[in-house]
>>> print(open('upload.cif').read())   # mmCIF, C-alpha atoms, pLDDT in the B column; chains and numbers go by the auth columns
data_work
loop_
_atom_site.group_PDB
_atom_site.id
_atom_site.type_symbol
_atom_site.label_atom_id
_atom_site.label_comp_id
_atom_site.label_asym_id
_atom_site.label_seq_id
_atom_site.Cartn_x
_atom_site.Cartn_y
_atom_site.Cartn_z
_atom_site.B_iso_or_equiv
_atom_site.auth_seq_id
_atom_site.auth_asym_id
ATOM 1 C CA MET A 1 -78.962 37.350 -179.813 80.00 1 L
ATOM 2 C CA THR A 2 -81.969 38.719 -177.891 86.00 2 L
ATOM 3 C CA LYS A 3 -82.644 35.289 -176.421 88.00 3 L
ATOM 4 C CA TYR A 4 -79.308 35.324 -174.576 90.00 4 L
ATOM 5 C CA VAL A 5 -80.020 38.775 -173.131 92.00 5 L
ATOM 6 C CA ILE A 6 -83.429 37.547 -171.903 92.00 6 L
ATOM 7 C CA GLY A 7 -81.885 34.395 -170.427 91.00 7 L
ATOM 8 C CA ALA A 8 -79.111 36.338 -168.676 92.00 8 L
ATOM 9 C CA THR A 9 -81.663 38.805 -167.263 93.00 9 L
ATOM 10 C CA GLY A 10 -83.828 35.953 -165.977 93.00 10 L
ATOM 11 C CA ALA A 11 -80.847 34.202 -164.404 92.00 11 L
ATOM 12 C CA LEU A 12 -79.693 37.454 -162.798 94.00 12 L
ATOM 13 C CA LEU A 13 -83.157 38.008 -161.301 94.00 13 L
ATOM 14 C CA GLY A 14 -83.022 34.424 -160.005 94.00 14 L
ATOM 15 C CA ALA A 15 -79.672 35.181 -158.346 94.00 15 L
ATOM 16 C CA LEU A 16 -81.159 38.288 -156.721 95.00 16 L
ATOM 17 C CA ALA A 17 -84.073 36.172 -155.447 94.00 17 L
ATOM 18 C CA GLY A 18 -81.509 33.769 -153.966 94.00 18 L
ATOM 19 C CA VAL A 19 -79.732 36.614 -152.166 95.00 19 L
ATOM 20 C CA TRP A 20 -83.062 37.906 -150.852 95.00 20 L
ATOM 21 C CA LEU A 21 -84.023 34.434 -149.581 93.00 21 L
ATOM 22 C CA MET A 22 -80.755 34.205 -147.635 93.00 22 L
ATOM 23 C CA LEU A 23 -81.251 37.628 -146.050 93.00 23 L
ATOM 24 C CA ALA A 24 -85.050 37.610 -145.596 91.00 24 L
ATOM 25 C CA PRO A 25 -85.219 35.772 -142.212 90.00 25 L
ATOM 26 C CA PHE A 26 -83.017 38.455 -140.682 89.00 26 L
ATOM 27 C CA ALA A 27 -84.447 41.375 -142.684 90.00 27 L
ATOM 28 C CA LEU A 28 -88.044 40.491 -141.828 89.00 28 L
ATOM 29 C CA ALA A 29 -87.012 39.530 -138.269 85.00 29 L
ATOM 30 C CA TYR A 30 -88.685 36.141 -138.145 84.00 30 L
ATOM 31 C CA GLN A 31 -85.280 34.789 -137.157 80.00 31 L
ATOM 32 C CA GLY A 32 -83.879 36.352 -134.011 80.00 32 L
ATOM 33 C CA SER A 33 -80.154 37.042 -134.141 80.00 33 L
ATOM 34 C CA GLY A 34 -78.225 34.662 -131.860 81.00 34 L
ATOM 35 C CA ALA A 35 -81.149 32.254 -131.506 84.00 35 L
ATOM 36 C CA ASP A 36 -81.230 28.768 -133.046 86.00 36 L
ATOM 37 C CA TRP A 37 -82.425 28.758 -136.608 88.00 37 L
ATOM 38 C CA ALA A 38 -86.145 28.051 -137.021 86.00 38 L
ATOM 39 C CA ASP A 39 -87.591 25.893 -139.790 88.00 39 L
ATOM 40 C CA PRO A 40 -88.462 28.853 -142.091 89.00 40 L
ATOM 41 C CA THR A 41 -84.871 30.119 -141.791 91.00 41 L
ATOM 42 C CA TYR A 42 -83.444 26.722 -142.777 91.00 42 L
ATOM 43 C CA VAL A 43 -85.796 26.469 -145.741 91.00 43 L
ATOM 44 C CA ASP A 44 -85.132 29.992 -146.968 92.00 44 L
ATOM 45 C CA PHE A 45 -81.357 29.912 -146.509 93.00 45 L
ATOM 46 C CA TRP A 46 -80.812 26.471 -148.029 94.00 46 L
ATOM 47 C CA THR A 47 -83.084 27.277 -150.924 93.00 47 L
ATOM 48 C CA GLY A 48 -81.511 30.704 -151.483 94.00 48 L
ATOM 49 C CA LEU A 49 -77.876 29.581 -151.514 95.00 49 L
ATOM 50 C CA PRO A 50 -78.180 26.878 -154.241 95.00 50 L
ATOM 51 C CA LEU A 51 -80.484 29.179 -156.198 94.00 51 L
ATOM 52 C CA LEU A 52 -77.858 31.928 -156.071 95.00 52 L
ATOM 53 C CA VAL A 53 -75.065 29.594 -157.219 95.00 53 L
ATOM 54 C CA VAL A 54 -77.117 27.958 -159.980 94.00 54 L
ATOM 55 C CA SER A 55 -78.436 31.300 -161.235 93.00 55 L
ATOM 56 C CA LEU A 56 -74.951 32.808 -161.327 93.00 56 L
ATOM 57 C CA VAL A 57 -73.714 29.819 -163.356 92.00 57 L
ATOM 58 C CA GLY A 58 -76.705 30.231 -165.658 91.00 58 L
ATOM 59 C CA SER A 59 -76.113 33.943 -166.175 91.00 59 L
ATOM 60 C CA ILE A 60 -72.425 33.276 -166.937 92.00 60 L
ATOM 61 C CA LEU A 61 -73.440 30.651 -169.519 91.00 61 L
ATOM 62 C CA TYR A 62 -75.992 32.948 -171.141 90.00 62 L
ATOM 63 C CA VAL A 63 -73.447 35.776 -171.321 92.00 63 L
ATOM 64 C CA SER A 64 -70.824 33.442 -172.831 91.00 64 L
ATOM 65 C CA GLY A 65 -73.418 32.351 -175.406 89.00 65 L
ATOM 66 C CA LEU A 66 -74.100 36.009 -176.186 90.00 66 L
ATOM 67 C CA VAL A 67 -70.379 36.734 -176.588 90.00 67 L
ATOM 68 C CA GLU A 68 -69.989 33.723 -178.910 88.00 68 L
ATOM 69 C CA GLU A 69 -72.938 34.919 -180.992 86.00 69 L
ATOM 70 C CA LEU A 70 -71.450 38.426 -181.228 89.00 70 L
ATOM 71 C CA ARG A 71 -68.124 36.952 -182.335 88.00 71 L
ATOM 72 C CA ARG A 72 -69.851 34.747 -184.911 85.00 72 L
ATOM 73 C CA ARG A 73 -71.574 37.802 -186.375 82.00 73 L
ATOM 74 C CA GLY A 74 -68.296 39.741 -186.410 83.00 74 L
ATOM 75 C CA ILE A 75 -69.498 42.394 -183.971 82.00 75 L
ATOM 76 C CA MET A 76 -66.904 41.365 -181.399 77.00 76 L
ATOM 77 C CA ARG A 77 -63.360 40.222 -182.167 79.00 77 L
ATOM 78 C CA ARG A 78 -61.716 37.095 -180.802 76.00 78 L
ATOM 79 C CA PRO A 79 -58.938 38.280 -178.458 74.00 79 L
ATOM 80 C CA TYR A 80 -56.049 35.997 -179.432 71.00 80 L
ATOM 81 C CA ALA A 81 -57.069 33.101 -181.663 60.00 81 L
ATOM 82 C CA ALA A 82 -57.769 34.799 -184.997 54.00 82 L
ATOM 83 C CA PRO A 83 -54.574 36.888 -185.468 55.00 83 L
ATOM 84 C CA ALA A 84 -52.399 33.891 -184.532 52.00 84 L
ATOM 85 C CA GLU A 85 -54.175 31.540 -186.924 52.00 85 L
ATOM 86 C CA GLN A 86 -54.224 33.766 -189.986 53.00 86 L
ATOM 87 C CA PRO A 87 -50.507 34.073 -190.742 54.00 87 L
ATOM 88 C CA GLN A 88 -49.811 30.378 -190.086 55.00 88 L
ATOM 89 C CA GLY A 89 -52.746 28.892 -191.940 54.00 89 L
ATOM 90 C CA SER A 90 -53.060 25.246 -192.886 58.00 90 L
ATOM 91 C CA PRO A 91 -50.384 23.464 -194.949 59.00 91 L
ATOM 92 C CA GLN A 92 -52.758 23.267 -197.913 60.00 92 L
ATOM 93 C CA THR A 93 -53.333 27.021 -197.979 60.00 93 L
ATOM 94 C CA ASN A 94 -49.579 27.600 -197.678 60.00 94 L
ATOM 95 C CA ALA A 95 -48.943 25.297 -200.638 62.00 95 L
ATOM 96 C CA SER A 96 -51.582 26.997 -202.765 65.00 96 L
ATOM 97 C CA SER A 97 -50.235 30.465 -201.895 65.00 97 L
ATOM 98 C CA GLN A 98 -46.705 29.341 -202.895 66.00 98 L
ATOM 99 C CA GLU A 99 -48.076 28.079 -206.219 67.00 99 L
ATOM 100 C CA ASN A 100 -49.741 31.443 -206.769 72.00 100 L
ATOM 101 C CA ASN A 101 -46.456 33.225 -206.054 75.00 101 L
ATOM 102 C CA MET A 102 -44.617 30.988 -208.536 75.00 102 L
ATOM 103 C CA GLU A 103 -47.268 31.700 -211.151 77.00 103 L
ATOM 104 C CA GLN A 104 -46.916 35.427 -210.562 79.00 104 L
ATOM 105 C CA VAL A 105 -43.137 35.224 -210.969 79.00 105 L
ATOM 106 C CA LEU A 106 -43.232 33.024 -214.084 83.00 106 L
ATOM 107 C CA MET A 107 -46.145 34.774 -215.806 83.00 107 L
ATOM 108 C CA PRO A 108 -44.142 37.702 -217.325 84.00 108 L
ATOM 109 C CA LEU A 109 -41.413 35.329 -218.481 85.00 109 L
ATOM 110 C CA VAL A 110 -43.912 33.017 -220.184 85.00 110 L
ATOM 111 C CA THR A 111 -45.774 35.902 -221.830 87.00 111 L
ATOM 112 C CA ALA A 112 -42.481 37.356 -223.109 88.00 112 L
ATOM 113 C CA MET A 113 -41.519 33.972 -224.560 89.00 113 L
ATOM 114 C CA LEU A 114 -44.919 33.611 -226.230 89.00 114 L
ATOM 115 C CA LYS A 115 -44.646 37.110 -227.720 90.00 115 L
ATOM 116 C CA ASP A 116 -41.185 36.343 -229.038 90.00 116 L
ATOM 117 C CA MET A 117 -42.364 33.083 -230.622 90.00 117 L
ATOM 118 C CA GLN A 118 -45.351 34.799 -232.232 91.00 118 L
ATOM 119 C CA GLU A 119 -43.141 37.546 -233.656 90.00 119 L
ATOM 120 C CA ARG A 120 -40.767 34.983 -235.120 90.00 120 L
ATOM 121 C CA ASP A 121 -43.675 33.086 -236.691 90.00 121 L
ATOM 122 C CA ARG A 122 -45.002 36.320 -238.200 89.00 122 L
ATOM 123 C CA GLU A 123 -41.561 37.252 -239.567 89.00 123 L
ATOM 124 C CA ARG A 124 -41.213 33.791 -241.093 88.00 124 L
ATOM 125 C CA ASP A 125 -44.653 33.931 -242.699 87.00 125 L
ATOM 126 C CA GLY A 126 -43.984 37.475 -243.981 85.00 126 L
ATOM 127 C CA ALA A 127 -40.710 36.399 -245.546 83.00 127 L
ATOM 128 C CA ARG A 128 -42.389 33.449 -247.281 81.00 128 L
ATOM 129 C CA GLN A 129 -45.141 35.646 -248.728 79.00 129 L
ATOM 130 C CA GLN A 130 -42.812 38.421 -249.932 75.00 130 L
ATOM 131 C CA SER A 131 -40.284 36.335 -251.874 66.00 131 L
ATOM 132 C CA PRO A 132 -41.185 32.740 -252.657 61.00 132 L
ATOM 133 C CA ASP A 133 -37.916 32.481 -254.561 57.00 133 L
ATOM 134 C CA ASP A 134 -35.981 33.165 -251.425 53.00 134 L
ATOM 135 C CA VAL A 135 -37.455 30.042 -249.981 51.00 135 L
ATOM 136 C CA GLN A 136 -35.749 27.991 -252.669 53.00 136 L
ATOM 137 C CA GLN A 137 -32.454 29.789 -252.146 53.00 137 L
ATOM 138 C CA PRO A 138 -31.317 27.638 -249.290 53.00 138 L
ATOM 139 C CA GLN A 139 -31.677 24.588 -251.519 51.00 139 L
ATOM 140 C CA ASN A 140 -29.648 26.314 -254.207 50.00 140 L
ATOM 141 C CA SER A 141 -27.123 27.511 -251.751 49.00 141 L
ATOM 142 C CA GLY A 142 -26.957 24.017 -250.336 47.00 142 L
ATOM 143 C CA GLU A 143 -26.324 22.664 -253.796 47.00 143 L
ATOM 144 C CA GLU A 144 -23.740 25.350 -254.433 47.00 144 L
ATOM 145 C CA GLY A 145 -22.108 24.462 -251.197 45.00 145 L
ATOM 146 C CA SER A 146 -22.044 20.830 -252.200 46.00 146 L
ATOM 147 C CA VAL A 147 -20.626 21.811 -255.609 45.00 147 L
ATOM 148 C CA ARG A 148 -17.887 23.853 -254.048 46.00 148 L
ATOM 149 C CA ARG A 149 -16.855 20.969 -251.977 43.00 149 L
ATOM 150 C CA MET B 1 -78.582 25.515 -180.209 73.00 1 O
ATOM 151 C CA ALA B 2 -75.344 26.368 -178.447 77.00 2 O
ATOM 152 C CA PRO B 3 -74.413 24.166 -175.438 80.00 3 O
ATOM 153 C CA GLN B 4 -74.338 27.248 -173.198 78.00 4 O
ATOM 154 C CA ALA B 5 -77.953 27.986 -174.113 81.00 5 O
ATOM 155 C CA ARG B 6 -78.988 24.396 -173.321 84.00 6 O
ATOM 156 C CA ILE B 7 -77.391 24.465 -169.875 86.00 7 O
ATOM 157 C CA GLY B 8 -78.792 27.972 -169.325 84.00 8 O
ATOM 158 C CA LEU B 9 -82.286 26.645 -170.068 87.00 9 O
ATOM 159 C CA ILE B 10 -81.761 23.811 -167.579 91.00 10 O
ATOM 160 C CA VAL B 11 -80.704 26.406 -164.989 90.00 11 O
ATOM 161 C CA THR B 12 -83.868 28.404 -165.690 90.00 12 O
ATOM 162 C CA ALA B 13 -85.940 25.244 -165.268 92.00 13 O
ATOM 163 C CA ILE B 14 -84.200 24.643 -161.908 93.00 14 O
ATOM 164 C CA GLY B 15 -85.238 28.184 -160.904 93.00 15 O
ATOM 165 C CA PHE B 16 -88.827 27.304 -161.835 93.00 16 O
ATOM 166 C CA PHE B 17 -88.804 24.201 -159.615 94.00 17 O
ATOM 167 C CA ALA B 18 -87.188 26.188 -156.787 94.00 18 O
ATOM 168 C CA GLY B 19 -90.122 28.601 -157.053 94.00 19 O
ATOM 169 C CA ILE B 20 -92.617 25.738 -156.788 95.00 20 O
ATOM 170 C CA TRP B 21 -90.707 24.374 -153.781 94.00 21 O
ATOM 171 C CA LEU B 22 -90.803 27.787 -152.065 93.00 22 O
ATOM 172 C CA PHE B 23 -94.512 28.053 -152.792 91.00 23 O
ATOM 173 C CA LEU B 24 -95.233 24.707 -151.134 92.00 24 O
ATOM 174 C CA ALA B 25 -92.510 24.653 -148.440 92.00 25 O
ATOM 175 C CA PRO B 26 -94.492 26.362 -145.618 91.00 26 O
ATOM 176 C CA PHE B 27 -97.143 23.640 -145.827 90.00 27 O
ATOM 177 C CA ILE B 28 -94.777 20.710 -146.468 91.00 28 O
ATOM 178 C CA VAL B 29 -92.360 21.642 -143.642 91.00 29 O
ATOM 179 C CA GLU B 30 -95.451 22.577 -141.545 88.00 30 O
ATOM 180 C CA TYR B 31 -94.356 25.915 -140.145 86.00 31 O
ATOM 181 C CA GLN B 32 -97.644 27.241 -141.520 86.00 32 O
ATOM 182 C CA LYS B 33 -100.774 25.564 -140.225 86.00 33 O
ATOM 183 C CA VAL B 34 -103.606 25.274 -142.707 86.00 34 O
ATOM 184 C CA GLY B 35 -106.506 27.570 -141.828 86.00 35 O
ATOM 185 C CA GLN B 36 -104.468 29.891 -139.586 87.00 36 O
ATOM 186 C CA ASP B 37 -103.307 33.413 -140.473 89.00 37 O
ATOM 187 C CA TRP B 38 -100.177 33.439 -142.566 89.00 38 O
ATOM 188 C CA ILE B 39 -96.964 34.194 -140.691 90.00 39 O
ATOM 189 C CA ASP B 40 -94.254 36.489 -142.151 89.00 40 O
ATOM 190 C CA ALA B 41 -92.135 33.553 -143.331 90.00 41 O
ATOM 191 C CA THR B 42 -95.033 32.082 -145.276 92.00 42 O
ATOM 192 C CA ARG B 43 -95.853 35.400 -146.946 92.00 43 O
ATOM 193 C CA ASN B 44 -92.208 35.869 -147.897 93.00 44 O
ATOM 194 C CA ASP B 45 -91.902 32.349 -149.294 93.00 45 O
ATOM 195 C CA LEU B 46 -95.134 32.611 -151.279 94.00 46 O
ATOM 196 C CA TRP B 47 -94.209 35.980 -152.806 95.00 47 O
ATOM 197 C CA THR B 48 -90.621 34.970 -153.551 94.00 48 O
ATOM 198 C CA GLY B 49 -91.702 31.581 -154.931 95.00 49 O
ATOM 199 C CA GLY B 50 -94.377 33.190 -157.078 95.00 50 O
ATOM 200 C CA ALA B 51 -91.902 35.733 -158.426 95.00 51 O
ATOM 201 C CA LEU B 52 -89.380 32.977 -159.212 95.00 52 O
ATOM 202 C CA ILE B 53 -92.030 30.940 -161.049 95.00 53 O
ATOM 203 C CA ALA B 54 -93.107 34.002 -163.044 95.00 54 O
ATOM 204 C CA ILE B 55 -89.514 34.978 -163.912 94.00 55 O
ATOM 205 C CA SER B 56 -88.606 31.431 -164.958 94.00 56 O
ATOM 206 C CA VAL B 57 -91.737 30.916 -167.067 95.00 57 O
ATOM 207 C CA LEU B 58 -91.320 34.304 -168.771 94.00 58 O
ATOM 208 C CA THR B 59 -87.648 33.574 -169.458 92.00 59 O
ATOM 209 C CA LEU B 60 -88.446 30.145 -170.916 92.00 60 O
ATOM 210 C CA ILE B 61 -91.275 31.470 -173.117 93.00 61 O
ATOM 211 C CA LEU B 62 -89.357 34.497 -174.400 92.00 62 O
ATOM 212 C CA PHE B 63 -86.165 32.476 -174.926 90.00 63 O
ATOM 213 C CA GLY B 64 -88.105 29.872 -176.908 90.00 64 O
ATOM 214 C CA ALA B 65 -89.866 32.547 -178.970 92.00 65 O
ATOM 215 C CA PHE B 66 -86.650 34.366 -179.888 90.00 66 O
ATOM 216 C CA ALA B 67 -84.828 31.082 -180.553 88.00 67 O
ATOM 217 C CA LEU B 68 -87.604 30.118 -182.996 90.00 68 O
ATOM 218 C CA ARG B 69 -87.394 33.546 -184.655 90.00 69 O
ATOM 219 C CA ASP B 70 -83.612 33.161 -185.072 86.00 70 O
ATOM 220 C CA ALA B 71 -84.046 29.651 -186.488 88.00 71 O
ATOM 221 C CA ALA B 72 -86.686 30.875 -188.960 90.00 72 O
ATOM 222 C CA SER B 73 -84.527 33.761 -190.177 88.00 73 O
ATOM 223 C CA ALA B 74 -81.524 31.425 -190.514 85.00 74 O
ATOM 224 C CA ALA B 75 -83.644 29.012 -192.591 88.00 75 O
ATOM 225 C CA GLU B 76 -84.837 31.894 -194.795 87.00 76 O
ATOM 226 C CA GLN B 77 -81.252 33.008 -195.376 84.00 77 O
ATOM 227 C CA ARG B 78 -80.224 29.448 -196.208 82.00 78 O
ATOM 228 C CA SER B 79 -83.023 28.679 -198.671 78.00 79 O
ATOM 229 C CA PRO B 80 -82.193 31.387 -201.328 70.00 80 O
ATOM 230 C CA THR B 81 -78.548 30.250 -201.465 66.00 81 O
ATOM 231 C CA GLU B 82 -79.599 26.621 -201.856 65.00 82 O
ATOM 232 C CA ASP B 83 -82.002 27.594 -204.664 62.00 83 O
ATOM 233 C CA GLY B 84 -79.187 29.511 -206.326 59.00 84 O
ATOM 234 C CA GLU B 85 -76.891 26.501 -206.162 58.00 85 O
ATOM 235 C CA ASN B 86 -79.555 24.194 -207.661 57.00 86 O
#
>>> encode(input="upload.cif", output="structure tokens")
Amino acid sequence: MTKYVIGATGALLGALAGVWLMLAPFALAYQGSGADWADPTYVDFWTGLPLLVVSLVGSILYVSGLVEELRRRGIMRRPYAAPAEQPQGSPQTNASSQENNMEQVLMPLVTAMLKDMQERDRERDGARQQSPDDVQQPQNSGEEGSVRR
Amino acid sequence: MAPQARIGLIVTAIGFFAGIWLFLAPFIVEYQKVGQDWIDATRNDLWTGGALIAISVLTLILFGAFALRDAASAAEQRSPTEDGEN
């Protein structure tokens, strides 16, 4: 992060040097106002102007790099992209979230069914252990039923 | 390295070469005769060129140093997680 601050500072100083180069012939009075431009004026002006433009572009790039770094670290928020992306999400994440919802809805039903089945199994086992004769009763009753017919 | 940083470094290098140009311009364009007293334009160009060279070199050195420090810390953060995965 510090590197971007250093770069932006350097580029800004370069831009200031460009501004100074454009003004220096008139500020130091080696170019008379109204007179034709002398060689030093041409050199200074046409070096200062591109330097100013290039340095401004450089400082903008360094600052944008700094902003990106701050966003990557979570210090600065993205203005529009992140809130719009989160609720939509990708189709895969939507599908997985729907599956999770279905699981949450079905989970109590499945657990209730399992409980019910376990209770029935226990009741059946308990009945078998308490009266083994009762287990034979259905056979007898079946025979009786067949006799009655 | 981010693309902005790359282009920013190129811009800083352009500033460095502009400084060298300003340093040499009075003698190349010949508005300063060798051996004569320096005129105001020459003094201005030499001081401004020297300052630009110094600013650009300092920026390049410090940027490189801090970029290396960031890369080293990122590598240190990465290596414990990779060890944990293995």
>>> closest_atom_pairs(input="upload.cif", of="chain O", to="chain L", cutoff="6 Å", atoms="all atoms listed in the file", output="CSV")
residue,atom,partner,partner_atom,distance
O:Gln4,CA,L:Leu61,CA,5.1
O:Gly8,CA,L:Gly58,CA,4.8
O:Val11,CA,L:Gly58,CA,5.6
O:Thr59,CA,L:Gly10,CA,5.7
O:Phe63,CA,L:Lys3,CA,4.7
O:Phe66,CA,L:Lys3,CA,5.4
>>> atom_distance(input="upload.cif", atom1="atom CA of L:Phe45", atom2="atom CA of O:Ile10")
21.9 Å
>>> atom_distance(input="upload.cif", atom1="atom CA of O:Gly19", atom2="atom CA of O:Leu52")
4.9 Å
>>> atom_distance(input="upload.cif", atom1="atom CA of O:Tyr31", atom2="atom CA of O:Gly15")
22.8 Å
>>> closest_residue(input="upload.cif", among="O:Thr42, O:Ala5, O:Pro80, O:Ala13", to="O:Ile28", atoms="only C-alpha atoms")
O:Thr42
>>> closest_residue(input="upload.cif", among="O:Gly49, O:Ala72, O:Leu62, O:Arg78", to="O:Ala18", atoms="all atoms listed in the file")
O:Gly49
>>> resolve_selection(input="upload.cif", expression="the PyMOL selection byres ((chain O and resi 50) around 12)", output="compact mmCIF listing (two decimals) with C-alpha atoms, keeping the file's coordinate frame")
# COMPACT_ATOMS: atom_id res chain seq x y z
CA GLY L 14 -83.02 34.42 -160.00
CA ALA L 17 -84.07 36.17 -155.45
CA GLY O 15 -85.24 28.18 -160.90
CA PHE O 16 -88.83 27.30 -161.84
CA PHE O 17 -88.80 24.20 -159.62
CA ALA O 18 -87.19 26.19 -156.79
CA GLY O 19 -90.12 28.60 -157.05
CA ILE O 20 -92.62 25.74 -156.79
CA TRP O 21 -90.71 24.37 -153.78
CA LEU O 22 -90.80 27.79 -152.06
CA PHE O 23 -94.51 28.05 -152.79
CA LEU O 24 -95.23 24.71 -151.13
CA THR O 42 -95.03 32.08 -145.28
CA ARG O 43 -95.85 35.40 -146.95
CA ASN O 44 -92.21 35.87 -147.90
CA ASP O 45 -91.90 32.35 -149.29
CA LEU O 46 -95.13 32.61 -151.28
CA TRP O 47 -94.21 35.98 -152.81
CA THR O 48 -90.62 34.97 -153.55
CA GLY O 49 -91.70 31.58 -154.93
CA ALA O 51 -91.90 35.73 -158.43
CA LEU O 52 -89.38 32.98 -159.21
CA ILE O 53 -92.03 30.94 -161.05
CA ALA O 54 -93.11 34.00 -163.04
CA ILE O 55 -89.51 34.98 -163.91
CA SER O 56 -88.61 31.43 -164.96
CA VAL O 57 -91.74 30.92 -167.07
>>> closest_residue(input="upload.cif", among="L:Leu49, L:Leu109, L:Ala27, L:Leu16", to="O:Ala41", atoms="all atoms listed in the file")
L:Ala27
